$ cat start_17.cif   # mmCIF, C-alpha atoms, pLDDT in the B column; chains and numbers go by the auth columns
data_coords
loop_
_atom_site.group_PDB
_atom_site.id
_atom_site.type_symbol
_atom_site.label_atom_id
_atom_site.label_comp_id
_atom_site.label_asym_id
_atom_site.label_seq_id
_atom_site.Cartn_x
_atom_site.Cartn_y
_atom_site.Cartn_z
_atom_site.B_iso_or_equiv
_atom_site.auth_seq_id
_atom_site.auth_asym_id
ATOM 1 C CA MET A 1 158.286 23.826 23.097 43.00 16 A
ATOM 2 C CA GLY A 2 161.985 22.961 23.265 48.00 17 A
ATOM 3 C CA PRO A 3 164.364 23.107 26.195 51.00 18 A
ATOM 4 C CA PRO A 4 163.994 25.877 28.743 48.00 19 A
ATOM 5 C CA PRO A 5 166.740 28.472 29.242 48.00 20 A
ATOM 6 C CA THR A 6 169.699 26.919 31.031 49.00 21 A
ATOM 7 C CA GLY A 7 172.387 28.381 33.234 49.00 22 A
ATOM 8 C CA ASP A 8 170.481 31.573 34.069 52.00 23 A
ATOM 9 C CA THR A 9 167.241 31.072 35.978 62.00 24 A
ATOM 10 C CA SER A 10 166.380 34.737 35.399 80.00 25 A
ATOM 11 C CA ALA A 11 166.193 34.270 31.598 86.00 26 A
ATOM 12 C CA ILE A 12 163.024 35.670 30.063 89.00 27 A
ATOM 13 C CA GLY A 13 163.411 34.198 26.574 89.00 28 A
ATOM 14 C CA TYR A 14 165.711 33.852 23.593 88.00 29 A
ATOM 15 C CA VAL A 15 167.327 36.041 20.954 86.00 30 A
ATOM 16 C CA VAL A 16 168.857 34.936 17.681 84.00 31 A
ATOM 17 C CA TYR A 17 172.132 36.429 16.456 80.00 32 A
ATOM 18 C CA LYS A 18 173.028 36.822 12.780 71.00 33 A
ATOM 19 C CA ASP A 19 176.085 34.702 12.129 62.00 34 A
ATOM 20 C CA TYR A 20 176.731 36.534 8.853 52.00 35 A
ATOM 21 C CA ASP A 21 176.891 39.979 10.493 52.00 36 A
ATOM 22 C CA PRO A 22 180.440 41.149 11.327 48.00 37 A
ATOM 23 C CA GLU A 23 179.087 43.008 14.369 56.00 38 A
ATOM 24 C CA VAL A 24 177.002 39.968 15.454 61.00 39 A
ATOM 25 C CA ARG A 25 173.747 41.803 15.938 74.00 40 A
ATOM 26 C CA PRO A 26 170.515 40.097 16.980 80.00 41 A
ATOM 27 C CA LEU A 27 167.492 39.824 14.742 80.00 42 A
ATOM 28 C CA LEU A 28 165.194 42.828 15.163 84.00 43 A
ATOM 29 C CA ASP A 29 161.423 43.107 15.192 83.00 44 A
ATOM 30 C CA GLU A 30 159.356 45.709 13.296 80.00 45 A
ATOM 31 C CA ALA A 31 159.862 48.253 16.082 80.00 46 A
ATOM 32 C CA GLY A 32 163.640 48.010 15.800 80.00 47 A
ATOM 33 C CA ARG A 33 164.057 46.109 19.077 83.00 48 A
ATOM 34 C CA PRO A 34 165.854 42.738 19.350 85.00 49 A
ATOM 35 C CA ARG A 35 163.265 40.066 18.638 86.00 50 A
ATOM 36 C CA LEU A 36 162.470 38.158 21.838 89.00 51 A
ATOM 37 C CA PHE A 37 161.306 34.558 21.441 87.00 52 A
ATOM 38 C CA HIS A 38 159.556 32.794 24.291 86.00 53 A
ATOM 39 C CA ASP A 39 159.489 29.489 22.410 85.00 54 A
ATOM 40 C CA TYR A 40 162.843 27.750 21.827 84.00 55 A
ATOM 41 C CA ASP A 41 161.718 25.908 18.688 83.00 56 A
ATOM 42 C CA GLU A 42 160.390 29.109 17.126 83.00 57 A
ATOM 43 C CA ALA A 43 163.715 30.805 17.839 79.00 58 A
ATOM 44 C CA ALA A 44 165.705 27.854 16.469 79.00 59 A
ATOM 45 C CA ALA A 45 163.765 28.054 13.186 80.00 60 A
ATOM 46 C CA GLU A 46 165.203 31.555 12.668 78.00 61 A
ATOM 47 C CA CYS A 47 168.805 30.479 13.215 75.00 62 A
ATOM 48 C CA VAL A 48 171.284 30.487 10.359 67.00 63 A
ATOM 49 C CA GLY A 49 174.348 28.244 10.088 61.00 64 A
ATOM 50 C CA TRP A 50 175.912 27.368 13.421 57.00 65 A
ATOM 51 C CA ASN A 51 173.848 29.793 15.503 70.00 66 A
ATOM 52 C CA LYS A 52 171.572 28.612 18.272 77.00 67 A
ATOM 53 C CA PRO A 53 169.011 30.558 20.304 84.00 68 A
ATOM 54 C CA THR A 54 170.651 32.460 23.149 85.00 69 A
ATOM 55 C CA ALA A 55 168.860 32.769 26.481 88.00 70 A
ATOM 56 C CA VAL A 56 168.779 36.309 27.863 87.00 71 A
ATOM 57 C CA SER A 57 167.801 37.894 31.167 89.00 72 A
ATOM 58 C CA GLN A 58 165.777 41.080 31.431 88.00 73 A
ATOM 59 C CA SER A 59 168.886 43.179 32.058 86.00 74 A
ATOM 60 C CA ARG A 60 170.717 41.653 29.080 86.00 75 A
ATOM 61 C CA TYR A 61 167.694 42.197 26.841 87.00 76 A
ATOM 62 C CA ASP A 62 167.483 45.852 27.917 87.00 77 A
ATOM 63 C CA GLU A 63 171.167 46.235 27.078 85.00 78 A
ATOM 64 C CA LEU A 64 170.596 44.735 23.623 84.00 79 A
ATOM 65 C CA CYS A 65 167.720 47.194 23.084 85.00 80 A
ATOM 66 C CA ARG A 66 169.992 50.112 23.865 83.00 81 A
ATOM 67 C CA GLU A 67 172.687 48.779 21.556 81.00 82 A
ATOM 68 C CA ALA A 68 170.173 48.322 18.744 79.00 83 A
ATOM 69 C CA ALA A 69 168.896 51.873 19.202 79.00 84 A
ATOM 70 C CA TRP A 70 172.463 53.162 19.119 75.00 85 A
ATOM 71 C CA GLN A 71 173.267 51.278 15.899 73.00 86 A
ATOM 72 C CA GLN A 72 170.151 52.662 14.225 70.00 87 A
ATOM 73 C CA ASN A 73 170.889 56.242 15.285 68.00 88 A
ATOM 74 C CA PRO A 74 172.283 58.109 12.206 58.00 89 A
ATOM 75 C CA THR A 75 174.213 60.542 14.437 56.00 90 A
ATOM 76 C CA ARG A 76 176.030 57.897 16.488 53.00 91 A
ATOM 77 C CA LYS A 77 179.450 58.778 15.004 51.00 92 A
ATOM 78 C CA LYS A 78 179.059 62.353 16.221 49.00 93 A
ATOM 79 C CA THR A 79 177.811 61.412 19.675 47.00 94 A
ATOM 80 C CA ARG A 80 180.180 58.696 20.794 48.00 95 A
ATOM 81 C CA ARG A 81 180.929 60.560 24.041 47.00 96 A
ATOM 82 C CA LEU A 82 177.237 60.914 24.829 46.00 97 A
ATOM 83 C CA LYS A 83 176.600 57.186 24.571 45.00 98 A
ATOM 84 C CA THR A 84 177.739 56.478 28.110 44.00 99 A
ATOM 85 C CA VAL A 85 175.870 59.476 29.506 46.00 100 A
ATOM 86 C CA ILE A 86 172.399 59.056 28.001 47.00 101 A
ATOM 87 C CA THR A 87 171.294 55.448 28.403 48.00 102 A
ATOM 88 C CA PRO A 88 167.595 55.248 29.374 50.00 103 A
ATOM 89 C CA ASP A 89 165.874 51.889 29.274 55.00 104 A
ATOM 90 C CA ASP A 90 163.631 52.960 26.385 57.00 105 A
ATOM 91 C CA PRO A 91 165.700 53.051 23.147 59.00 106 A
ATOM 92 C CA VAL A 92 163.225 55.443 21.519 60.00 107 A
ATOM 93 C CA VAL A 93 163.833 57.953 24.305 64.00 108 A
ATOM 94 C CA PHE A 94 167.551 57.302 23.975 64.00 109 A
ATOM 95 C CA ILE A 95 167.588 58.210 20.269 66.00 110 A
ATOM 96 C CA ARG A 96 165.468 61.310 20.834 71.00 111 A
ATOM 97 C CA GLN A 97 167.717 62.602 23.626 70.00 112 A
ATOM 98 C CA VAL A 98 170.897 61.983 21.645 70.00 113 A
ATOM 99 C CA ASP A 99 169.508 63.764 18.583 73.00 114 A
ATOM 100 C CA GLN A 100 168.447 66.726 20.709 75.00 115 A
ATOM 101 C CA ALA A 101 171.863 66.926 22.340 73.00 116 A
ATOM 102 C CA VAL A 102 173.628 66.822 18.971 72.00 117 A
ATOM 103 C CA ALA A 103 171.341 69.471 17.478 73.00 118 A
ATOM 104 C CA GLU A 104 171.938 71.770 20.443 71.00 119 A
ATOM 105 C CA ARG A 105 175.704 71.286 20.265 68.00 120 A
ATOM 106 C CA GLN A 106 175.736 71.987 16.519 65.00 121 A
ATOM 107 C CA ARG A 107 173.528 75.048 16.968 64.00 122 A
ATOM 108 C CA ARG A 108 175.961 76.508 19.465 62.00 123 A
ATOM 109 C CA THR A 109 179.163 75.725 17.563 59.00 124 A
ATOM 110 C CA ARG A 110 178.327 75.970 13.848 64.00 125 A
ATOM 111 C CA PRO A 111 178.512 79.459 12.281 71.00 126 A
ATOM 112 C CA ASP A 112 175.209 80.694 10.884 76.00 127 A
ATOM 113 C CA ARG A 113 177.067 82.534 8.127 84.00 128 A
ATOM 114 C CA GLY A 114 175.392 84.799 5.589 89.00 129 A
ATOM 115 C CA TYR A 115 173.792 88.243 5.447 91.00 130 A
ATOM 116 C CA VAL A 116 171.089 90.195 7.211 92.00 131 A
ATOM 117 C CA TYR A 117 169.686 92.683 4.728 94.00 132 A
ATOM 118 C CA LEU A 118 167.443 95.724 4.662 95.00 133 A
ATOM 119 C CA VAL A 119 165.369 95.977 1.494 95.00 134 A
ATOM 120 C CA GLN A 120 163.692 99.338 0.970 94.00 135 A
ATOM 121 C CA ALA A 121 160.449 99.886 -0.917 93.00 136 A
ATOM 122 C CA LEU A 122 160.865 103.012 -3.040 90.00 137 A
ATOM 123 C CA GLU A 123 158.067 105.292 -4.232 82.00 138 A
ATOM 124 C CA ILE A 124 156.510 105.061 -0.732 81.00 139 A
ATOM 125 C CA ALA A 125 156.670 108.050 1.586 78.00 140 A
ATOM 126 C CA ASP A 126 156.897 106.230 4.947 83.00 141 A
ATOM 127 C CA ARG A 127 160.289 104.526 4.411 91.00 142 A
ATOM 128 C CA ARG A 128 159.349 100.857 4.472 93.00 143 A
ATOM 129 C CA PHE A 129 162.089 98.275 4.932 95.00 144 A
ATOM 130 C CA LYS A 130 162.110 94.513 5.026 95.00 145 A
ATOM 131 C CA ILE A 131 164.565 93.039 7.542 95.00 146 A
ATOM 132 C CA GLY A 132 165.506 89.583 6.326 94.00 147 A
ATOM 133 C CA ARG A 133 168.384 87.156 6.054 93.00 148 A
ATOM 134 C CA GLY A 134 169.920 84.887 3.447 91.00 149 A
ATOM 135 C CA LYS A 135 173.034 83.580 1.765 91.00 150 A
ATOM 136 C CA ASN A 136 172.408 85.593 -1.401 93.00 151 A
ATOM 137 C CA PRO A 137 170.591 88.911 -0.836 92.00 152 A
ATOM 138 C CA LYS A 138 170.627 89.827 -4.538 92.00 153 A
ATOM 139 C CA LYS A 139 168.850 86.615 -5.488 92.00 154 A
ATOM 140 C CA ARG A 140 166.375 87.151 -2.674 92.00 155 A
ATOM 141 C CA LEU A 141 165.726 90.677 -3.952 93.00 156 A
ATOM 142 C CA GLN A 142 164.793 89.291 -7.360 92.00 157 A
ATOM 143 C CA GLY A 143 162.189 87.048 -5.761 91.00 158 A
ATOM 144 C CA LEU A 144 160.759 89.888 -3.711 91.00 159 A
ATOM 145 C CA GLN A 145 160.677 92.229 -6.689 91.00 160 A
ATOM 146 C CA SER A 146 158.667 89.803 -8.820 90.00 161 A
ATOM 147 C CA GLY A 147 155.790 90.074 -6.341 86.00 162 A
ATOM 148 C CA SER A 148 156.053 93.788 -5.531 87.00 163 A
ATOM 149 C CA PRO A 149 154.165 96.609 -7.288 88.00 164 A
ATOM 150 C CA VAL A 150 156.895 99.103 -6.318 91.00 165 A
ATOM 151 C CA ARG A 151 160.606 99.130 -6.948 93.00 166 A
ATOM 152 C CA LEU A 152 162.742 97.482 -4.264 94.00 167 A
ATOM 153 C CA VAL A 153 166.424 98.105 -3.547 95.00 168 A
ATOM 154 C CA ILE A 154 168.908 96.690 -1.068 94.00 169 A
ATOM 155 C CA ALA A 155 169.601 99.515 1.365 93.00 170 A
ATOM 156 C CA LEU A 156 172.032 97.605 3.579 92.00 171 A
ATOM 157 C CA THR A 157 173.678 94.192 3.856 92.00 172 A
ATOM 158 C CA ILE A 158 175.372 93.061 7.071 89.00 173 A
ATOM 159 C CA PRO A 159 177.735 90.081 6.718 88.00 174 A
ATOM 160 C CA THR A 160 177.492 87.964 9.850 85.00 175 A
ATOM 161 C CA ASP A 161 178.185 84.579 11.392 82.00 176 A
ATOM 162 C CA HIS A 162 174.921 84.864 13.344 81.00 177 A
ATOM 163 C CA MET A 163 172.186 85.354 10.719 85.00 178 A
ATOM 164 C CA GLY A 164 169.250 84.056 12.687 86.00 179 A
ATOM 165 C CA ARG A 165 170.283 85.691 15.935 84.00 180 A
ATOM 166 C CA LEU A 166 170.881 89.071 14.308 87.00 181 A
ATOM 167 C CA GLU A 167 167.635 89.035 12.312 90.00 182 A
ATOM 168 C CA LYS A 168 165.625 88.075 15.406 89.00 183 A
ATOM 169 C CA GLY A 169 167.325 90.784 17.453 87.00 184 A
ATOM 170 C CA LEU A 170 166.593 93.505 14.882 91.00 185 A
ATOM 171 C CA HIS A 171 162.966 92.400 14.641 92.00 186 A
ATOM 172 C CA ALA A 172 162.734 92.702 18.426 91.00 187 A
ATOM 173 C CA ARG A 173 164.471 96.085 18.538 91.00 188 A
ATOM 174 C CA PHE A 174 162.141 97.629 15.953 93.00 189 A
ATOM 175 C CA ALA A 175 159.003 95.746 17.014 93.00 190 A
ATOM 176 C CA ALA A 176 157.137 99.017 17.721 94.00 191 A
ATOM 177 C CA GLN A 177 157.759 100.074 14.107 94.00 192 A
ATOM 178 C CA ARG A 178 156.572 96.845 12.499 94.00 193 A
ATOM 179 C CA LEU A 179 154.054 97.285 9.688 93.00 194 A
ATOM 180 C CA HIS A 180 153.421 93.620 8.907 91.00 195 A
ATOM 181 C CA GLY A 181 155.487 90.465 8.683 91.00 196 A
ATOM 182 C CA GLU A 182 159.130 91.444 8.249 93.00 197 A
ATOM 183 C CA TRP A 183 158.347 94.987 7.029 94.00 198 A
ATOM 184 C CA PHE A 184 159.175 97.928 9.293 95.00 199 A
ATOM 185 C CA ARG A 185 159.054 101.725 9.155 94.00 200 A
ATOM 186 C CA LEU A 186 162.670 102.805 9.738 94.00 201 A
ATOM 187 C CA SER A 187 164.236 106.240 9.868 93.00 202 A
ATOM 188 C CA GLU A 188 167.638 107.163 8.467 92.00 203 A
ATOM 189 C CA ALA A 189 168.990 107.009 12.029 92.00 204 A
ATOM 190 C CA ASP A 190 167.635 103.451 12.422 93.00 205 A
ATOM 191 C CA VAL A 191 169.402 102.297 9.270 92.00 206 A
ATOM 192 C CA ALA A 192 172.607 104.032 10.361 91.00 207 A
ATOM 193 C CA TRP A 193 172.389 102.281 13.731 90.00 208 A
ATOM 194 C CA CYS A 194 172.041 98.893 12.018 89.00 209 A
ATOM 195 C CA GLN A 195 175.078 99.608 9.873 86.00 210 A
ATOM 196 C CA GLU A 196 177.238 100.689 12.805 85.00 211 A
ATOM 197 C CA HIS A 197 176.181 98.496 15.717 81.00 212 A
ATOM 198 C CA ALA A 198 174.167 95.442 14.635 78.00 213 A
ATOM 199 C CA GLU A 199 176.891 92.899 13.870 73.00 214 A
ATOM 200 C CA ARG A 200 178.872 93.722 17.022 77.00 215 A
ATOM 201 C CA TRP A 201 175.767 93.268 19.120 73.00 216 A
ATOM 202 C CA ALA A 202 175.028 89.965 17.406 69.00 217 A
ATOM 203 C CA CYS A 203 178.510 88.711 18.339 69.00 218 A
ATOM 204 C CA GLU A 204 177.953 89.746 21.938 68.00 219 A
ATOM 205 C CA ALA A 205 174.586 87.983 21.861 60.00 220 A
ATOM 206 C CA ALA A 206 176.313 84.808 20.668 59.00 221 A
ATOM 207 C CA ALA A 207 178.609 84.988 23.697 62.00 222 A
ATOM 208 C CA ASP A 208 175.776 85.663 26.121 56.00 223 A
ATOM 209 C CA ASP A 209 172.370 84.717 24.706 52.00 224 A
ATOM 210 C CA ALA A 210 170.124 85.996 27.446 44.00 225 A
ATOM 211 C CA SER A 211 171.625 89.330 28.499 50.00 226 A
ATOM 212 C CA ALA A 212 172.873 90.488 25.095 46.00 227 A
ATOM 213 C CA ASN A 213 169.656 89.609 23.279 47.00 228 A
ATOM 214 C CA ASP A 214 167.590 91.377 25.934 51.00 229 A
ATOM 215 C CA THR A 215 169.785 94.446 25.622 52.00 230 A
ATOM 216 C CA LEU A 216 169.601 94.392 21.842 54.00 231 A
ATOM 217 C CA ALA A 217 165.825 94.173 21.925 54.00 232 A
ATOM 218 C CA SER A 218 165.465 96.977 24.462 55.00 233 A
ATOM 219 C CA GLY A 219 167.910 99.308 22.714 53.00 234 A
ATOM 220 C CA ALA A 220 169.861 99.977 25.919 50.00 235 A
ATOM 221 C CA PRO A 221 173.433 101.136 25.279 44.00 236 A
ATOM 222 C CA MET A 222 176.404 98.832 25.604 41.00 237 A
ATOM 223 C CA ASN A 223 179.688 100.536 24.757 40.00 238 A
ATOM 224 C CA ASP A 224 178.231 103.109 22.369 38.00 239 A
ATOM 225 C CA ALA A 225 174.780 104.539 22.830 34.00 240 A
ATOM 226 C CA PRO A 226 172.502 103.843 19.817 38.00 241 A
ATOM 227 C CA PRO A 227 170.893 106.836 18.139 38.00 242 A
ATOM 228 C CA ASP A 228 167.562 108.045 19.453 41.00 243 A
#

$ encode --input "start_17.cif" --output "structure tokens"
Amino acid sequence: MGPPPTGDTSAIGYVVYKDYDPEVRPLLDEAGRPRLFHDYDEAAAECVGWNKPTAVSQSRYDELCREAAWQQNPTRKKTRRLKTVITPDDPVVFIRQVDQAVAERQRRTRPDRGYVYLVQALEIADRRFKIGRGKNPKKRLQGLQSGSPVRLVIALTIPTDHMGRLEKGLHARFAAQRLHGEWFRLSEADVAWCQEHAERWACEAAADDASANDTLASGAPMNDAPPD
């Protein structure tokens, strides 16, 4: 069984450190947690070189679990400031919360640059338009045309740093005119409104998600009243 933990009567077992690791990390189990040995001899059999089993308390073991989770987190270089803020006892929860925080920060700060486009189906009397988004509207048009029985043309492209926000806002604004999917029945005035107002409203929505998006969807005027 080997000698019991010494020095710390609160020790719950042993961990084994890798003496060949420059960061001196403990051996991990299949779940990615530091491997906890309750038997000294079993722990000693895993030692390499000069290492010996190290007795750990519950609090020290929890700390090692958090450190192991941090080292295994691929976004740790981008979240160094968050490390001291989010430190739950469960390392799985820790990783999930850090990843969510990083994704939210990137979503708010990274430009969603590209185009929102209106593709019109010709040879149809009711003025059907697809409101979509993409980095390359011309390439997207080719894909749409290959599956369409009627000729399609790009009626309008709106360069924007808020592709997803702008597309979602236009879908909401013209929801009552939706035919199916991303296809809508739009008048000439609707297209003119998109050309004149849409990108400005998307920028205002980026500054104030809730109020600007609600206004965009409802069609209420901001500085300039949209066409009827």

$ resolve_selection --input "start_17.cif" --expression "the PyMOL selection byres ((chain A and resi 75) around 12)" --output "NGL selection string"
:A and (23 or 25-30 or 49 or 51 or 69-74 or 76-82 or 104)

$ closest_residue --input "start_17.cif" --among "A:Arg111, A:Ala170, A:Glu61, A:Tyr130" --to "Asn151 (chain A)" --atoms "all atoms listed in the file"
A:Tyr130

$ closest_residue --input "start_17.cif" --among "A:Gly158, A:Pro152, A:Gly184, A:Pro164" --to "Ala136 (chain A)" --atoms "only C-alpha atoms"
A:Pro164

$ atom_distance --input "start_17.cif" --atom1 "CA of Lys150 (chain A)" --atom2 "CA of Thr172 (chain A)"
10.8 Å

$ atom_distance --input "start_17.cif" --atom1 "CA of Ala190 (chain A)" --atom2 "CA of Glu119 (chain A)"
27.5 Å

$ residues_near_point --input "start_17.cif" --point "(170.6, 93.5, 11.9)" --cutoff "8 Å" --atoms "only C-alpha atoms" --output "PDB file with C-alpha atoms, keeping the file's coordinate frame"
ATOM      1  CA  VAL A 131     171.089  90.195   7.211  1.00 92.00           C
ATOM      2  CA  TYR A 132     169.686  92.683   4.728  1.00 94.00           C
ATOM      3  CA  ILE A 146     164.565  93.039   7.542  1.00 95.00           C
ATOM      4  CA  ILE A 173     175.372  93.061   7.071  1.00 89.00           C
ATOM      5  CA  LEU A 181     170.881  89.071  14.308  1.00 87.00           C
ATOM      6  CA  GLU A 182     167.635  89.035  12.312  1.00 90.00           C
ATOM      7  CA  GLY A 184     167.325  90.784  17.453  1.00 87.00           C
ATOM      8  CA  LEU A 185     166.593  93.505  14.882  1.00 91.00           C
ATOM      9  CA  CYS A 209     172.041  98.893  12.018  1.00 89.00           C
ATOM     10  CA  GLN A 210     175.078  99.608   9.873  1.00 86.00           C
ATOM     11  CA  ALA A 213     174.167  95.442  14.635  1.00 78.00           C
ATOM     12  CA  GLU A 214     176.891  92.899  13.870  1.00 73.00           C
ATOM     13  CA  ALA A 217     175.028  89.965  17.406  1.00 69.00           C
TER      14      ALA A 217
END

$ resolve_selection --input "start_17.cif" --expression "the PyMOL selection byres ((chain A and resi 203) around 12)" --output "PyMOL selection string"
chain A and resi 135+141-144+170-171+200-202+204-210+242-243

$ closest_residue --input "start_17.cif" --among "A:Arg50, A:Lys154, A:His186, A:Arg40" --to "Trp198 (chain A)" --atoms "all atoms listed in the file"
A:His186

$ closest_residue --input "start_17.cif" --among "A:Ala58, A:Ala84, A:Val168, A:Leu137" --to "Asp114 (chain A)" --atoms "all atoms listed in the file"
A:Ala84

$ atom_distance --input "start_17.cif" --atom1 "CA of Ser163 (chain A)" --atom2 "CA of Asp176 (chain A)"
29.3 Å

$ closest_residue --input "start_17.cif" --among "A:Lys145, A:Gln157, A:Val31, A:Pro126" --to "His195 (chain A)" --atoms "only C-alpha atoms"
A:Lys145

$ axis_aligned_box --input "start_17.cif" --around "region 128-142 of chain A" --padding-each-side "8 Å" --output "lines of an AutoDock Vina configuration file"
center_x = 166.8
center_y = 95.3
center_z = 1.9
size_x = 36.6
size_y = 41.5
size_z = 28.4

$ closest_residue --input "start_17.cif" --among "A:Leu42, A:Leu156, A:Ala83, A:Ile169" --to "Asn66 (chain A)" --atoms "only C-alpha atoms"
A:Leu42
